[in-house]
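Asks: Below you will find the structure I want to go over with you.
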Amino acid sequence: MRVYYDRDADLNLIKSKKVAVIGYGSQGFAHANNLKDSGVKDVVVGLRPGSASAAKAEAAKIKVMDPAECARWADVVMILTPDELQRQLYSEHLVKNLKQGAADRKSTRLNSSH
């Protein structure tokens, strides 16, 4: 087993990307704030209109957008919603709006050489 440490990662690979974190529960909160605190300048959170989490994200000074808008805007999309919601979210709001070559869970798996 190989253990990876901070020194093994090149943060410059993500710092110049526009990153959308879809969802702002425990995972989305942690990832969005970690990215922001690590120097990634363009981080947004994708939430459905009227989400109670929007105020929490905005209080952390993270822009909130509709998930479909996030997919059109972002270079990297992280889907961090509850598992049972991901299929519908992806098929109805994300897949048709992703930029060509944008990284998301599905395209990364399909294009992976691993």
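By order of appearance in the structure tokens: chains A, B, ..., then residues from 1 within every chain, and ligands from 1 in the order shown.
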Among the residues of stretch 48-92 of chain A, find those DSSP assigns to alpha helix (DSSP H) from the backbone and print them as a list in words.
Replies: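 Everything in stretch 48-92 of chain A that counts as alpha helix (DSSP H) is Ser53, Ala54, Ala55, Lys56, Ala57, Glu58, Ala59, Pro67, Ala68, Glu69, Cys70, Ala71, Arg72, Trp73, Asp83, Glu84, Leu85, Gln86, Arg87, Gln88 and Leu89 of chain A.
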Asks: Okay, now the selection with C-alpha atoms, as a CSV table (one decimal), in the first residue's frame?
Replies:
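Written file, part-v6.csv:
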```csv
chain,number,residue,atom,x,y,z
A,53,SER,CA,-27.6,25.4,2.8
A,54,ALA,CA,-27.3,28.5,0.5
A,55,ALA,CA,-27.0,30.9,3.5
A,56,LYS,CA,-24.3,28.7,5.1
A,57,ALA,CA,-22.2,28.6,1.9
A,58,GLU,CA,-22.6,32.4,1.4
A,59,ALA,CA,-21.6,33.0,5.0
A,67,PRO,CA,-26.4,22.9,-10.4
A,68,ALA,CA,-27.0,23.1,-14.1
A,69,GLU,CA,-25.3,26.6,-14.2
A,70,CYS,CA,-22.4,25.1,-12.2
A,71,ALA,CA,-22.0,22.4,-14.8
A,72,ARG,CA,-21.8,24.9,-17.7
A,73,TRP,CA,-19.3,27.1,-15.8
A,83,ASP,CA,-26.3,8.9,-3.0
A,84,GLU,CA,-30.0,8.3,-3.6
A,85,LEU,CA,-30.2,11.8,-5.3
A,86,GLN,CA,-27.2,11.6,-7.6
A,87,ARG,CA,-28.6,9.7,-10.5
A,88,GLN,CA,-31.6,12.1,-11.0
A,89,LEU,CA,-29.4,15.2,-10.4
```
Asks: In terms of the shortest atom-to-atom distance over only C-alpha atoms, which of A:Ala9, A:Ile14, A:Ala20, A:Met1 is closest to A:Ile79?
Replies: A:Ala20
Asks: So which residues touch A:Met65 within 8 Å, counting only C-alpha atoms, skipping near sequence neighbours fewer than 6 positions away, as a short mmCIF file (atom, residue, chain, number, x, y, z; two decimals) with C-alpha atoms, in the first residue's frame?
Replies:
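And here's result_31.cif as it stands now:
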```
data_model
loop_
_atom_site.label_atom_id
_atom_site.label_comp_id
_atom_site.auth_asym_id
_atom_site.auth_seq_id
_atom_site.Cartn_x
_atom_site.Cartn_y
_atom_site.Cartn_z
CA VAL A 44 -18.74 27.55 -6.27
CA VAL A 45 -21.39 25.44 -4.60
CA GLY A 46 -24.27 24.04 -6.61
CA LEU A 47 -27.58 23.94 -4.76
#
```
Asks: Would you pick out the contacts of A:Lys41 at 9 Å or less, using only C-alpha atoms, so that residues sharing its chain but fewer than 5 positions from it are not included, and give the list as a PDB file with N, CA, C and O atoms, in the first residue's frame?
Replies:
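Generated file (part_39.pdb):
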```pdb
ATOM      1  N   LYS A  15      -5.518  24.750  -8.777  1.00  0.00           N
ATOM      2  CA  LYS A  15      -5.685  26.166  -8.434  1.00  0.00           C
ATOM      3  C   LYS A  15      -6.198  27.009  -9.590  1.00  0.00           C
ATOM      4  O   LYS A  15      -6.903  27.986  -9.380  1.00  0.00           O
ATOM      5  N   SER A  16      -5.867  26.652 -10.809  1.00  0.00           N
ATOM      6  CA  SER A  16      -6.288  27.447 -11.959  1.00  0.00           C
ATOM      7  C   SER A  16      -7.619  26.975 -12.537  1.00  0.00           C
ATOM      8  O   SER A  16      -8.102  27.551 -13.509  1.00  0.00           O
ATOM      9  N   LYS A  17      -8.215  25.955 -11.960  1.00  0.00           N
ATOM     10  CA  LYS A  17      -9.478  25.404 -12.456  1.00  0.00           C
ATOM     11  C   LYS A  17     -10.675  26.050 -11.769  1.00  0.00           C
ATOM     12  O   LYS A  17     -10.590  26.513 -10.640  1.00  0.00           O
ATOM     13  N   LYS A  18     -11.786  26.032 -12.469  1.00  0.00           N
ATOM     14  CA  LYS A  18     -13.063  26.455 -11.892  1.00  0.00           C
ATOM     15  C   LYS A  18     -13.727  25.181 -11.362  1.00  0.00           C
ATOM     16  O   LYS A  18     -14.020  24.268 -12.140  1.00  0.00           O
ATOM     17  N   VAL A  19     -13.933  25.130 -10.035  1.00  0.00           N
ATOM     18  CA  VAL A  19     -14.427  23.914  -9.394  1.00  0.00           C
ATOM     19  C   VAL A  19     -15.832  24.131  -8.844  1.00  0.00           C
ATOM     20  O   VAL A  19     -16.069  25.076  -8.082  1.00  0.00           O
ATOM     21  N   LEU A  35     -10.922  23.437  -0.507  1.00  0.00           N
ATOM     22  CA  LEU A  35     -10.423  23.974  -1.776  1.00  0.00           C
ATOM     23  C   LEU A  35     -10.167  25.472  -1.666  1.00  0.00           C
ATOM     24  O   LEU A  35      -9.106  25.963  -2.071  1.00  0.00           O
ATOM     25  N   LYS A  36     -11.133  26.192  -1.123  1.00  0.00           N
ATOM     26  CA  LYS A  36     -10.996  27.647  -0.960  1.00  0.00           C
ATOM     27  C   LYS A  36      -9.794  27.974  -0.079  1.00  0.00           C
ATOM     28  O   LYS A  36      -8.966  28.828  -0.417  1.00  0.00           O
TER      29      LYS A  36
END
```
Asks: Which of these, A:Ala102, A:Lys61, A:Pro49, A:Asp10, has the shortest distance to A:Asn33 once you count only C-alpha atoms?
Replies: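 Selected residue with least distance to A:Asn33: A:Lys61.
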Asks: Can you tell me how far atom CA of A:Ile22 sits from atom CA of A:Arg48, in Å to one decimal?
Replies: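 Rounded to one decimal, the two atoms are 9.3 Å apart.
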Asks: Can you work out which one of A:Ser91, A:Ala60, A:Asp66, A:Leu11 has the shortest atom-to-atom distance to A:Ser38, counting only C-alpha atoms?
Replies: A:Leu11
Asks: From a DSSP calculation on the backbone, collect every residue of chain A in strand (DSSP E or B) and output the set as a PyMOL selection string.
Replies: chain A and resi 18-22+42-46+63-65+76-79+103
Asks: For the selection you just gave me, I'd like the residues written to a file as a compact mmCIF listing (two decimals), in the first residue's frame, keeping N, CA and C atoms.
Replies:
```
# COMPACT_ATOMS: atom_id res chain seq x y z
N LYS A 18 -11.79 26.03 -12.47
CA LYS A 18 -13.06 26.45 -11.89
C LYS A 18 -13.73 25.18 -11.36
N VAL A 19 -13.93 25.13 -10.03
CA VAL A 19 -14.43 23.91 -9.39
C VAL A 19 -15.83 24.13 -8.84
N ALA A 20 -16.73 23.24 -9.22
CA ALA A 20 -18.10 23.27 -8.70
C ALA A 20 -18.28 22.09 -7.76
N VAL A 21 -18.71 22.38 -6.56
CA VAL A 21 -19.04 21.36 -5.57
C VAL A 21 -20.56 21.32 -5.50
N ILE A 22 -21.14 20.22 -5.95
CA ILE A 22 -22.59 20.09 -5.95
C ILE A 22 -23.01 19.46 -4.62
N ASP A 42 -11.50 29.87 -7.78
CA ASP A 42 -12.83 29.75 -8.37
C ASP A 42 -13.53 28.49 -7.87
N VAL A 43 -14.17 28.59 -6.71
CA VAL A 43 -14.96 27.51 -6.13
C VAL A 43 -16.38 28.01 -5.97
N VAL A 44 -17.33 27.24 -6.47
CA VAL A 44 -18.74 27.55 -6.27
C VAL A 44 -19.43 26.31 -5.73
N VAL A 45 -20.57 26.54 -5.10
CA VAL A 45 -21.39 25.44 -4.60
C VAL A 45 -22.66 25.41 -5.42
N GLY A 46 -23.03 24.23 -5.88
CA GLY A 46 -24.27 24.04 -6.61
C GLY A 46 -25.36 23.53 -5.71
N LYS A 63 -19.64 31.40 -3.49
CA LYS A 63 -20.76 31.70 -4.37
C LYS A 63 -21.63 30.47 -4.55
N VAL A 64 -22.93 30.67 -4.61
CA VAL A 64 -23.90 29.60 -4.81
C VAL A 64 -24.55 29.76 -6.18
N MET A 65 -24.65 28.65 -6.90
CA MET A 65 -25.27 28.64 -8.22
C MET A 65 -26.20 27.44 -8.32
N VAL A 76 -14.15 21.40 -13.32
CA VAL A 76 -14.22 20.18 -12.50
C VAL A 76 -15.52 20.23 -11.70
N VAL A 77 -16.27 19.13 -11.73
CA VAL A 77 -17.52 19.04 -11.00
C VAL A 77 -17.42 17.90 -9.99
N MET A 78 -17.65 18.23 -8.74
CA MET A 78 -17.67 17.23 -7.67
C MET A 78 -19.11 17.05 -7.23
N ILE A 79 -19.62 15.83 -7.31
CA ILE A 79 -21.00 15.56 -6.94
C ILE A 79 -21.00 14.98 -5.52
N ALA A 103 -14.15 17.40 -15.91
CA ALA A 103 -14.01 16.21 -15.07
C ALA A 103 -15.23 16.09 -14.17
```
